[in-house]
Amino acid sequence: MLTLRRAEERGRAQFGWLDSRHSFSFGQYYDPKHMGFGPLRVINEDRVAPGGGFPKHPHADMEIVTYVLSGALAHEDSLGTGSRIEAGDVQRMSAGTGIRHSEFNASETEPVHFLQIWILPEREGLEPGYEQKRFSVEEKRGRWSLIGSRDGRDGSLTIQQDVDLYATVLGDGESLSRSLGEGRFGWLQLARGTAQVNGEQLYPGDGVAFRTAGDVTVTSTSDDAEVLFFDMTP
């Protein structure tokens, strides 16, 4: 069984420098039917104008994953971490007992486009932490590349929750499948391009929820369709 979450149905926030689409309730957008999915709490697709960004603000008890699609972000946090997150980079920040951070477009001339993903941690009160790795298009092309997991295996980021996060990039006509096990939830997010998922046509920003075991098959219908897939505990 799958449930579609169409891009145009998402919540939206616009502040001049920011155009943000919310798959789940976030900020001033509230929909009791879309409060999250399993431990997945937020998928925001953000476009930030040159020079714009989020001033330093607090978080706690959340695993925050930033997946940059184009452009670059400048990140600073209260742990003393400062970094530049470019297209192909993925950052995991464990807010834990409390952390403050800021994110700004690193360019004064080009926009930045990224996904910000919040995942509820397996328990509250974890020690704050930070991790960043690069996953090139070549690593993701035609295969499920593990970019986040509970145990950090296979070079993935460590997420403090029972979630395996995969990414792939598929050329036009290429197909790829994953098997979702019994007692697992799956969420597929089409980051860009177009694709069919188990026969349903998807467009950029569309999401699909899976609540039952079975195969999930993605077939690209465009060049360089980029897909994220979350395999997680309910």
# chains A, B, ... in the order shown; residues from 1 in each chain; ligands from 1
$ residues_around --residues "Gly173 (chain A)" --least-positions-apart "4" --cutoff "7 Å" --atoms "only C-alpha atoms" --output "list in words"
Thr219, Ser220 and Thr221 of chain A
$ residues_around --residues "Gly36 (chain A)" --least-positions-apart "5" --cutoff "10 Å" --atoms "only C-alpha atoms" --output "list in words"
Ser23, Phe24, Ser25, Phe26, Arg41, Val42, Ile43, Trp118, Ile119 and Leu120 of chain A
$ residues_around --residues "Ser145 (chain A)" --least-positions-apart "5" --cutoff "9 Å" --atoms "only C-alpha atoms" --output "ChimeraX atom specification"
/A:135,139-140,156,165-168
$ select_by_dssp --residues "region 2-230 of chain A" --states "helix (DSSP H, G or I)" --output "ChimeraX atom specification"
/A:7-9,137-140,153-155
$ select_by_dssp --residues "region 70-172 of chain A" --states "strand (DSSP E or B)" --output "PDB file with C-alpha atoms, in the first residue's frame"
ATOM      1  CA  SER A  70      22.566  23.023  -5.716  1.00  0.00           C
ATOM      2  CA  ALA A  72      26.171  26.038  -1.008  1.00  0.00           C
ATOM      3  CA  LEU A  73      25.285  26.760   2.630  1.00  0.00           C
ATOM      4  CA  ALA A  74      27.507  28.327   5.282  1.00  0.00           C
ATOM      5  CA  HIS A  75      26.930  26.629   8.650  1.00  0.00           C
ATOM      6  CA  GLU A  76      27.996  27.695  12.160  1.00  0.00           C
ATOM      7  CA  ASP A  77      26.932  26.239  15.501  1.00  0.00           C
ATOM      8  CA  GLY A  82      31.888  26.075  10.917  1.00  0.00           C
ATOM      9  CA  SER A  83      31.540  24.511   7.486  1.00  0.00           C
ATOM     10  CA  ARG A  84      30.499  25.013   3.891  1.00  0.00           C
ATOM     11  CA  ILE A  85      27.897  22.507   2.675  1.00  0.00           C
ATOM     12  CA  GLU A  86      27.936  22.200  -1.112  1.00  0.00           C
ATOM     13  CA  ASP A  89      27.348  17.176   0.725  1.00  0.00           C
ATOM     14  CA  VAL A  90      25.146  15.823   3.505  1.00  0.00           C
ATOM     15  CA  GLN A  91      25.282  17.104   7.078  1.00  0.00           C
ATOM     16  CA  ARG A  92      23.877  15.457  10.197  1.00  0.00           C
ATOM     17  CA  MET A  93      23.464  17.522  13.335  1.00  0.00           C
ATOM     18  CA  SER A  94      22.256  15.881  16.549  1.00  0.00           C
ATOM     19  CA  ILE A  99      22.428  23.414  20.210  1.00  0.00           C
ATOM     20  CA  ARG A 100      22.309  26.743  18.405  1.00  0.00           C
ATOM     21  CA  HIS A 101      23.189  27.104  14.754  1.00  0.00           C
ATOM     22  CA  SER A 102      22.872  29.357  11.729  1.00  0.00           C
ATOM     23  CA  GLU A 103      22.630  28.573   8.021  1.00  0.00           C
ATOM     24  CA  PHE A 104      23.164  31.160   5.309  1.00  0.00           C
ATOM     25  CA  ASN A 105      23.495  31.024   1.562  1.00  0.00           C
ATOM     26  CA  VAL A 112      20.960  27.580  -2.781  1.00  0.00           C
ATOM     27  CA  HIS A 113      18.481  24.688  -2.995  1.00  0.00           C
ATOM     28  CA  PHE A 114      18.416  22.015  -0.300  1.00  0.00           C
ATOM     29  CA  LEU A 115      16.312  19.593   1.710  1.00  0.00           C
ATOM     30  CA  GLN A 116      16.220  19.914   5.473  1.00  0.00           C
ATOM     31  CA  ILE A 117      15.097  16.709   7.161  1.00  0.00           C
ATOM     32  CA  TRP A 118      14.226  16.273  10.836  1.00  0.00           C
ATOM     33  CA  ILE A 119      14.125  12.831  12.418  1.00  0.00           C
ATOM     34  CA  GLY A 129      27.046  16.230  17.679  1.00  0.00           C
ATOM     35  CA  TYR A 130      27.814  17.029  14.087  1.00  0.00           C
ATOM     36  CA  GLU A 131      28.966  15.130  11.008  1.00  0.00           C
ATOM     37  CA  GLN A 132      29.352  15.991   7.330  1.00  0.00           C
ATOM     38  CA  LYS A 133      30.258  13.812   4.343  1.00  0.00           C
ATOM     39  CA  ARG A 134      30.250  14.048   0.570  1.00  0.00           C
ATOM     40  CA  ARG A 141      24.316   6.739  -9.895  1.00  0.00           C
ATOM     41  CA  SER A 145      23.894   4.679  -1.779  1.00  0.00           C
ATOM     42  CA  LEU A 146      23.499   4.489   2.018  1.00  0.00           C
ATOM     43  CA  ILE A 147      23.992   8.042   3.274  1.00  0.00           C
ATOM     44  CA  GLY A 148      22.646   7.673   6.824  1.00  0.00           C
ATOM     45  CA  SER A 149      22.104   4.803   9.277  1.00  0.00           C
ATOM     46  CA  LEU A 157      26.372   9.353   8.511  1.00  0.00           C
ATOM     47  CA  THR A 158      25.265   8.182  11.971  1.00  0.00           C
ATOM     48  CA  VAL A 163      16.474   4.753   9.976  1.00  0.00           C
ATOM     49  CA  ASP A 164      18.401   3.757   6.860  1.00  0.00           C
ATOM     50  CA  LEU A 165      18.520   6.685   4.448  1.00  0.00           C
ATOM     51  CA  TYR A 166      19.438   5.939   0.829  1.00  0.00           C
ATOM     52  CA  ALA A 167      19.974   8.167  -2.206  1.00  0.00           C
ATOM     53  CA  THR A 168      20.211   7.383  -5.893  1.00  0.00           C
ATOM     54  CA  VAL A 169      20.540   9.191  -9.215  1.00  0.00           C
ATOM     55  CA  LEU A 170      18.964   7.476 -12.231  1.00  0.00           C
TER      56      LEU A 170
END
$ residues_around --residues "Gly125 (chain A)" --least-positions-apart "3" --cutoff "9 Å" --atoms "only C-alpha atoms" --output "PyMOL selection string"
chain A and resi 60-61+96-98+128
$ atom_distance --atom1 "CA of Asp223 (chain A)" --atom2 "CA of Arg192 (chain A)"
9.8 Å
$ residues_around --residues "Glu182 (chain A)" --least-positions-apart "4" --cutoff "10 Å" --atoms "only C-alpha atoms" --output "JSON list (two decimals) with N, CA and C atoms, in the first residue's frame"
[["chain", "number", "residue", "atom", "x", "y", "z"],
["A", 211, "ARG", "N", 3.49, 1.67, 3.95],
["A", 211, "ARG", "CA", 3.19, 1.15, 5.28],
["A", 211, "ARG", "C", 3.20, -0.37, 5.35],
["A", 212, "THR", "N", 3.39, -1.04, 4.23],
["A", 212, "THR", "CA", 3.38, -2.50, 4.21],
["A", 212, "THR", "C", 4.62, -3.02, 3.51],
["A", 213, "ALA", "N", 5.01, -4.23, 3.84],
["A", 213, "ALA", "CA", 6.20, -4.85, 3.25],
["A", 213, "ALA", "C", 6.00, -5.07, 1.75],
["A", 214, "GLY", "N", 7.11, -5.07, 1.03],
["A", 214, "GLY", "CA", 7.05, -5.34, -0.41],
["A", 214, "GLY", "C", 8.14, -4.59, -1.14]]
